[in-house]
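Shown next, in structure tokens, is the structure this report addresses.
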Amino acid sequence: MRRRTPVVAAFAALSLVIAACGGDEEETDGTEASQATDAGSSDATAGGGASGDCTLDEPLKIGYAADFDLGGIGDVPGSKGAEYTVEQINAAGGVGGKPIEFEIKQISQTPPDPAAAQRAVQELLDGGADIVLGPPFSDYGLPLLEVTNGSVPVLFVTSTEITLSDPGRGAFLVSFDDRVQASAAAEFATKQGFTNAVTLSSSDIPYLNITTAAFTEVFTGAGGTVAADLSFNLGDTDFSAQVNEIAALDPQPDAIYSAFFLPEAGIFLKQLREAGVTSAVISADGFDASEVWTVGADAEGVFFTSHTFPGPNNGVEQFLADYEAAKGEPVGTVAFGALGADAVNIAAAAASAACSTDGAALIEAIQNVSVETVTGTTSYVGVGGTPKRDVSILTVTDGAPALVEAFYPSVVAGG
Amino acid sequence: MTQFVQNLIDGLGNGSTYALLAVGVSMLFGVMHLVNFAHGELLTMGAYVIYAMRSNDISWWVAIPVAILSAVVLSMLIELVAFRRVRAASAFTLLLTSFAIEILSHAAWRIGVSSTPRRYEAPDIAFKVVELGPFNIEIWDVVSILVAVACFVGTAIMLRTTMFGLAIRAASEDFDAARLMGVRANRVISGAFAYAGLLAGIAGAIWLVRRGQADPRMGAEPLLKAVIAAIIGGLGSLPGAVVGGLSLGVAEVYFRSWLPSDLQGLTDSFVFVVIAVLFVVRPQGLFNVRTAERV
Amino acid sequence: MAADRTAPLARTVTVARPTVGAPVRSQLRSVALPSLVGNLGFLVVILAIGALYASGGSSARDLLIGDLFVNLVLVLGFQVFIGNTGVLSFGHLGIASVAAYTMALLAVPSDRKTVLIPNAPWGIPEIELSPLAASLIGIGAGIAVAFLLGLVAARTSGLAATMITLAFLAIVRQVAENRKDLTGGAQNLSSVPRIDGWTWPVVGAAIAVGVAVMFRSSKVGRYAVATREDELAAGAMGVEVFRPRLIAFVVSGALVALGGILRVQSLGSIGPSQFSFEFTILILAMLVVGGMRTVTGAIAGTVLITVGKEVTRFLGDGPNFLGFDWPVVDGLPDLFLAGALLAVLLTRPNGLLGEFDLGRWLTRHFVRRPARAATPGSESAPEAGDAATADVPTDPVVSAVAPAGPAPADEALTTAGLGVVFGGFTAVDDVSIRVEPGRIHGLIGPNGAGKTTFVNLLTGLVEPTTGTVRIGDRELTGAPYRRARAGVSRTFQNLRVFPALTVRENIAIADLVAHDHRSHRPGVSVDELLALSDLEHMADRSAATLDYGNQRRLEIARAAALRPDFLLLDEPTSGMSSAESLAMVDHVRRIATAIGSGVLVIDHDLGFITNICEYVTVLDQGAVLAEGTAAEIQRDQRVIDAYLGSQHG
């Protein structure tokens, strides 16, 4: 891991500009913006002049390698957020005096075909992509990295998989990784006075077991006990076996931790509450889809770790409102759409900072950049491929998420 | 002991859904030697119908019958458009045809609706639990089991008393002979698809009420379980399919419950080991329906 | 009169000297070579087009060509087993998974493994082999697993084998997901050394084509095909089911292991989801779209699906292409796959190419066809150039003119107290008969008398409850194929030719078995049998296209090619007119004389039996009712009663 002295001054100025483009241009019209994307530099307005100390020879090209299948939970809102942000930046003059070019390529197929995904990414590169935005899961993410192989930076927009954080190969997460959010969940649980927990994991995808392992490590490290680690499979529609096992525990666990999402989370919660188990339930960022909160009364009081929360210190609320105004529909999640916007902002900041679209230069620039993004400050300075960001603990109240607290865990599992 | 009985109830609840699907799969195998992997797509159809109706606030009492009806219609349509044309082909061709329809269905929902799941809220009854002595009985498990039993009894009566049932049984025993004896092949097969579709629709209704979500590929997994159940029972044997479905459901719950925590993730593997051993010992499945091959 | 008819026909027959191995060698010359040349040529054409395509643009094209050839290895791997045995396996990718994981665990650099899987057992983090060595060990592991799985799967057939292999696939995947310390679990294991360009995939594909072609032409491959066509008939011809299937399973397992390793090395990472049931279906789709029974078909299907999916993936992203702005469609490649598969299955259920093989087609059209002699006696010239006959061995032994049929074997076929009870019903009860060598013996009885069951008891299809079967002193026991090799071959009441094989190949398979197990007996060459059966002009048609009478004669010829001590004919004239029956009488005699075997003819037609046989046994309700010479039987009152009774009752 390369450690560099923060070279903040210049970047901070830049980032503020970019944040301004990304967050505050509320009057931007979606149609105009997309025309700007297509029409090239002629529409560049005064806004572009703000990054005037750099003029790029070629427009910055961003390619989004999107998994709309299993990874759709992240990449559907993520790509919407990214595309919208590109439109906004371009309406404000683009980067380095030129509008950003943006292209989405689908990499998911049935059956999953990582070879086809590699070709799609190669096409993005051959088409001149300077930065690739990547999918949430490593089954596509790792083959993707084999193609880019350090030639261009890859920002994994909504991924929390630690294997995809590899700055040596130009691979970065936009937010924290699973061990961080699980450690935060464990620390939060400890702070609530919980001493006895049960975890629910699945080996189907790493997300569902790396989180529980990290939770267990930190929670037991803080003196708690994890009474059982129960398993499930994606696609299960009956959790009575697991629920009955929890119901039979004596003492009853204070908390149940799992990174599950819909539809499994909804069924589990209903069965759990019906069985009379009143333990607190703590989940992870996959719970951040608006439908989850509306599972009904059973989702009330569920805690989950998330990347961000709309508040005075960030532009999330503004972003969500702007998006809905421009597109006529909500992004659908609090965090993932905003992370898509963040990824584009990071890319733009890096290109401005490096004043280049060269892959190696961009990779280096990203590692030195500290950007005011939609969700707050994102910085890779001194942290490798995973920015150090606070974990927001949210809870579902009256069918909507509410912030409990946000902090960076004092102990991170495995690190 | 309490745990044992509790698991049994849970297992039978799951197993009854498998069994309903498996009976349809087995029946279709009986009449045309088809292992129909497209059968699960009837569930997907039902799910989207329920989603469409529930998101327009149409009552469950309407949504469920319409979903079942849509499964019946789709089943007959698939037979008419696809399977009728390959009826004389090898079992392998038929199998692959059913896979093709399955993939087509996935793609169609993905393109026509979205790969993002569509959600609807499950009714409260789907998760209600009553405590009966030491047992937590889920109402919906009881409903599933009762509905399934009613379907099995109904099917048994239908097979014994109606001309259609007689034709199905005759065709299952010897398809060529049945045709020679004047059983109208098209009608019998179309009828079998409709009946299998009906059972799948009912199984789907039971399952979907709880699931609360429609997505393009949802039908594949329960169908795979049903096919396994039907083969365990001995393809073509309807009682076998019932036994196969119930035992698969029960086995899954018991394995999950008995395996130590670090082996729980391997539940399916243990079930599969049992299945593999079963087929080594009894290659024809539990119930032998293979009609004596004349040589 | 009876004596007249049994006199050896004054007809010259060619007696093939026992020449073990000769058919296989000539088979390799006549079929394997053209097929090898044809299919490798096909590969070269694809390679040339691919190179042209790749030279014109994006390096994504290079990836596509590599992927195409990797797919070819996998599809041909499946083809070797499924195409030749007709048994559906869902488990082959499980073998590929084991092989690829073995390779990856050995080849991933040690410094990466200490990070990715520090707790792996057996000192794996310290091991670091070259990719080639690791690949070879991986293939070895694949072969070992294929052998063990094959021991189980090849013993069963039909759906049981399919279920066992499916279970295997599911178990391998789940273990790979759960043994995170070893495999990295669903998180995937990265840093697998990647192969550059498409040299290795092309080499792999060429190897796969070679192996698939050679296997199809090999003796064991042809036995496997016989069991695919008709397991019972194959057994009756002395073809064992288990061994050819096991070998096919292991050979295809080796190819699939190679394919899995190449795929992982192209991707640079490995994960449990790469070897899924869904991917198995995709491979099967590639296999059936072209036609799973030939190597050419497998290649064509692979190219079609791989390229088609790539084109639709390109179009699905909504490019501006051919002056048209395509809409963005989510999942277009999946729609293409389903559409292509469905369209092919509905219109051409055997695949686009069916039984077409490029090698055979090339030889038929471009290789000079040697002149064929008009008389059957001289028809044994080498026929390497004849595409149509390329299926079959040509016997290199120069025809010798025998003055008469060979001497019959000197041992009689006897049963002692043979009986079987099916769930309380005595189908055959204490039957003892003696069929003299070289004689034609009739077994007659009304419908339901137990005649066919008796033949099934003789040939081992049904295990007897009591009694024994002997030829001379040798007791016949065990599975049908053992008894066939021991000297009894049969025909079936309801005709069981190998439908998709040519007439010649039908006979040649029995001839192959004879070379291995019946070489002490004189035999008649395949060509002579064709001539004797009036089938020579249709030798290269598939058996399914023959009419009823020809199929009957083919079945008899096939049974005769086994050089049996005794031919058992189950109702050879059923469904024939009396003129046809008379011709059949002559035919059976001619064949029996030519190979010097005894014959047991089962029929319910009293006239036919007394016409053809010197000695007759009458069965009624599973027991011997009467026996004697044809003349005696015709006068026997009990026989007459049984017959009239059965015909009017």
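Ordering of the structure tokens sets the chain letters (A, B, ...); residue numbers start at 1 within each chain; ligands are numbered from 1 in the order shown.
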
Open item on the list: I need the residues in region 160-343 of chain A that are strand (DSSP E) according to DSSP; give them as number ranges by chain.
Closed with: A: 171-173, 196-201, 225-231, 255-257, 280-283, 303-306

Open item on the list: Which residues are near region 201-214 of chain B? Cut-off 9 Å, only C-alpha atoms, ignore same chain within fewer than 6 positions. Put them as a PyMOL selection string.
Closed with: (chain A and resi 236-238+262-264+266-267) or (chain B and resi 14+16-21+40+42-48+50-51+60+64-65+67-72+116-123+126-127+140+143-144+147-148+151)

TODO: Compare B:Phe255, B:Ser115, B:Gly197, B:Gln264 by their minimum atom-to-atom distance to Asp67 (chain A), counting only C-alpha atoms, and give me the closest one.
DONE: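 Checking each of B:Phe255, B:Ser115, B:Gly197, B:Gln264 against Asp67 (chain A), counting only C-alpha atoms, the winner is B:Ser115.
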
All residues 9 Å or closer to Ile366 (chain A), only C-alpha atoms, same chain fewer than 6 positions away omitted, as a PDB file with N, CA, C and O atoms, in the first residue's frame:
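Now in part-v1.pdb:
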```pdb
ATOM      1  N   PRO A 153      -8.173   2.984 -14.276  1.00  0.00           N
ATOM      2  CA  PRO A 153      -8.768   2.748 -12.966  1.00  0.00           C
ATOM      3  C   PRO A 153     -10.156   2.120 -13.084  1.00  0.00           C
ATOM      4  O   PRO A 153     -10.862   2.365 -14.059  1.00  0.00           O
ATOM      5  N   PHE A 172     -10.629   0.244  -7.153  1.00  0.00           N
ATOM      6  CA  PHE A 172     -11.058   0.972  -5.963  1.00  0.00           C
ATOM      7  C   PHE A 172     -12.523   0.697  -5.664  1.00  0.00           C
ATOM      8  O   PHE A 172     -13.334   0.545  -6.583  1.00  0.00           O
ATOM      9  N   ILE A 346     -15.697  11.273  -8.515  1.00  0.00           N
ATOM     10  CA  ILE A 346     -14.305  10.888  -8.256  1.00  0.00           C
ATOM     11  C   ILE A 346     -13.524  10.861  -9.567  1.00  0.00           C
ATOM     12  O   ILE A 346     -12.408  11.386  -9.675  1.00  0.00           O
ATOM     13  N   ALA A 347     -14.147  10.260 -10.589  1.00  0.00           N
ATOM     14  CA  ALA A 347     -13.492  10.166 -11.895  1.00  0.00           C
ATOM     15  C   ALA A 347     -13.193  11.557 -12.430  1.00  0.00           C
ATOM     16  O   ALA A 347     -12.084  11.832 -12.915  1.00  0.00           O
ATOM     17  N   ALA A 349     -12.931  14.366 -10.778  1.00  0.00           N
ATOM     18  CA  ALA A 349     -11.925  15.045  -9.973  1.00  0.00           C
ATOM     19  C   ALA A 349     -10.538  14.551 -10.314  1.00  0.00           C
ATOM     20  O   ALA A 349      -9.581  15.342 -10.425  1.00  0.00           O
ATOM     21  N   ALA A 350     -10.406  13.243 -10.508  1.00  0.00           N
ATOM     22  CA  ALA A 350      -9.104  12.663 -10.821  1.00  0.00           C
ATOM     23  C   ALA A 350      -8.606  13.176 -12.164  1.00  0.00           C
ATOM     24  O   ALA A 350      -7.440  13.527 -12.318  1.00  0.00           O
ATOM     25  N   ALA A 351      -9.526  13.219 -13.136  1.00  0.00           N
ATOM     26  CA  ALA A 351      -9.116  13.681 -14.464  1.00  0.00           C
ATOM     27  C   ALA A 351      -8.679  15.140 -14.408  1.00  0.00           C
ATOM     28  O   ALA A 351      -7.700  15.530 -15.039  1.00  0.00           O
ATOM     29  N   ALA A 353      -7.541  16.698 -11.758  1.00  0.00           N
ATOM     30  CA  ALA A 353      -6.314  16.799 -10.978  1.00  0.00           C
ATOM     31  C   ALA A 353      -5.108  16.384 -11.801  1.00  0.00           C
ATOM     32  O   ALA A 353      -4.072  17.032 -11.782  1.00  0.00           O
ATOM     33  N   ALA A 354      -5.266  15.285 -12.503  1.00  0.00           N
ATOM     34  CA  ALA A 354      -4.148  14.799 -13.311  1.00  0.00           C
ATOM     35  C   ALA A 354      -4.033  15.601 -14.584  1.00  0.00           C
ATOM     36  O   ALA A 354      -3.009  15.579 -15.251  1.00  0.00           O
ATOM     37  N   SER A 379     -12.110  10.066   0.154  1.00  0.00           N
ATOM     38  CA  SER A 379     -10.671  10.234  -0.003  1.00  0.00           C
ATOM     39  C   SER A 379      -9.979   8.879   0.009  1.00  0.00           C
ATOM     40  O   SER A 379     -10.301   8.008   0.810  1.00  0.00           O
ATOM     41  N   TYR A 380      -9.035   8.709  -0.916  1.00  0.00           N
ATOM     42  CA  TYR A 380      -8.243   7.480  -0.945  1.00  0.00           C
ATOM     43  C   TYR A 380      -6.848   7.731  -0.395  1.00  0.00           C
ATOM     44  O   TYR A 380      -5.988   6.865  -0.453  1.00  0.00           O
ATOM     45  N   VAL A 381      -6.668   8.917   0.114  1.00  0.00           N
ATOM     46  CA  VAL A 381      -5.325   9.272   0.565  1.00  0.00           C
ATOM     47  C   VAL A 381      -4.948   8.421   1.770  1.00  0.00           C
ATOM     48  O   VAL A 381      -5.606   8.466   2.803  1.00  0.00           O
TER      49      VAL A 381
END
```

Open item on the list: For the helix (DSSP H, G or I) assignment from backbone DSSP, which residues of region 237-342 of chain C qualify? Please present them as an MDAnalysis selection string.
Closed with: chainID C and resid 242:267 272:274 277:290 295:316 332:342
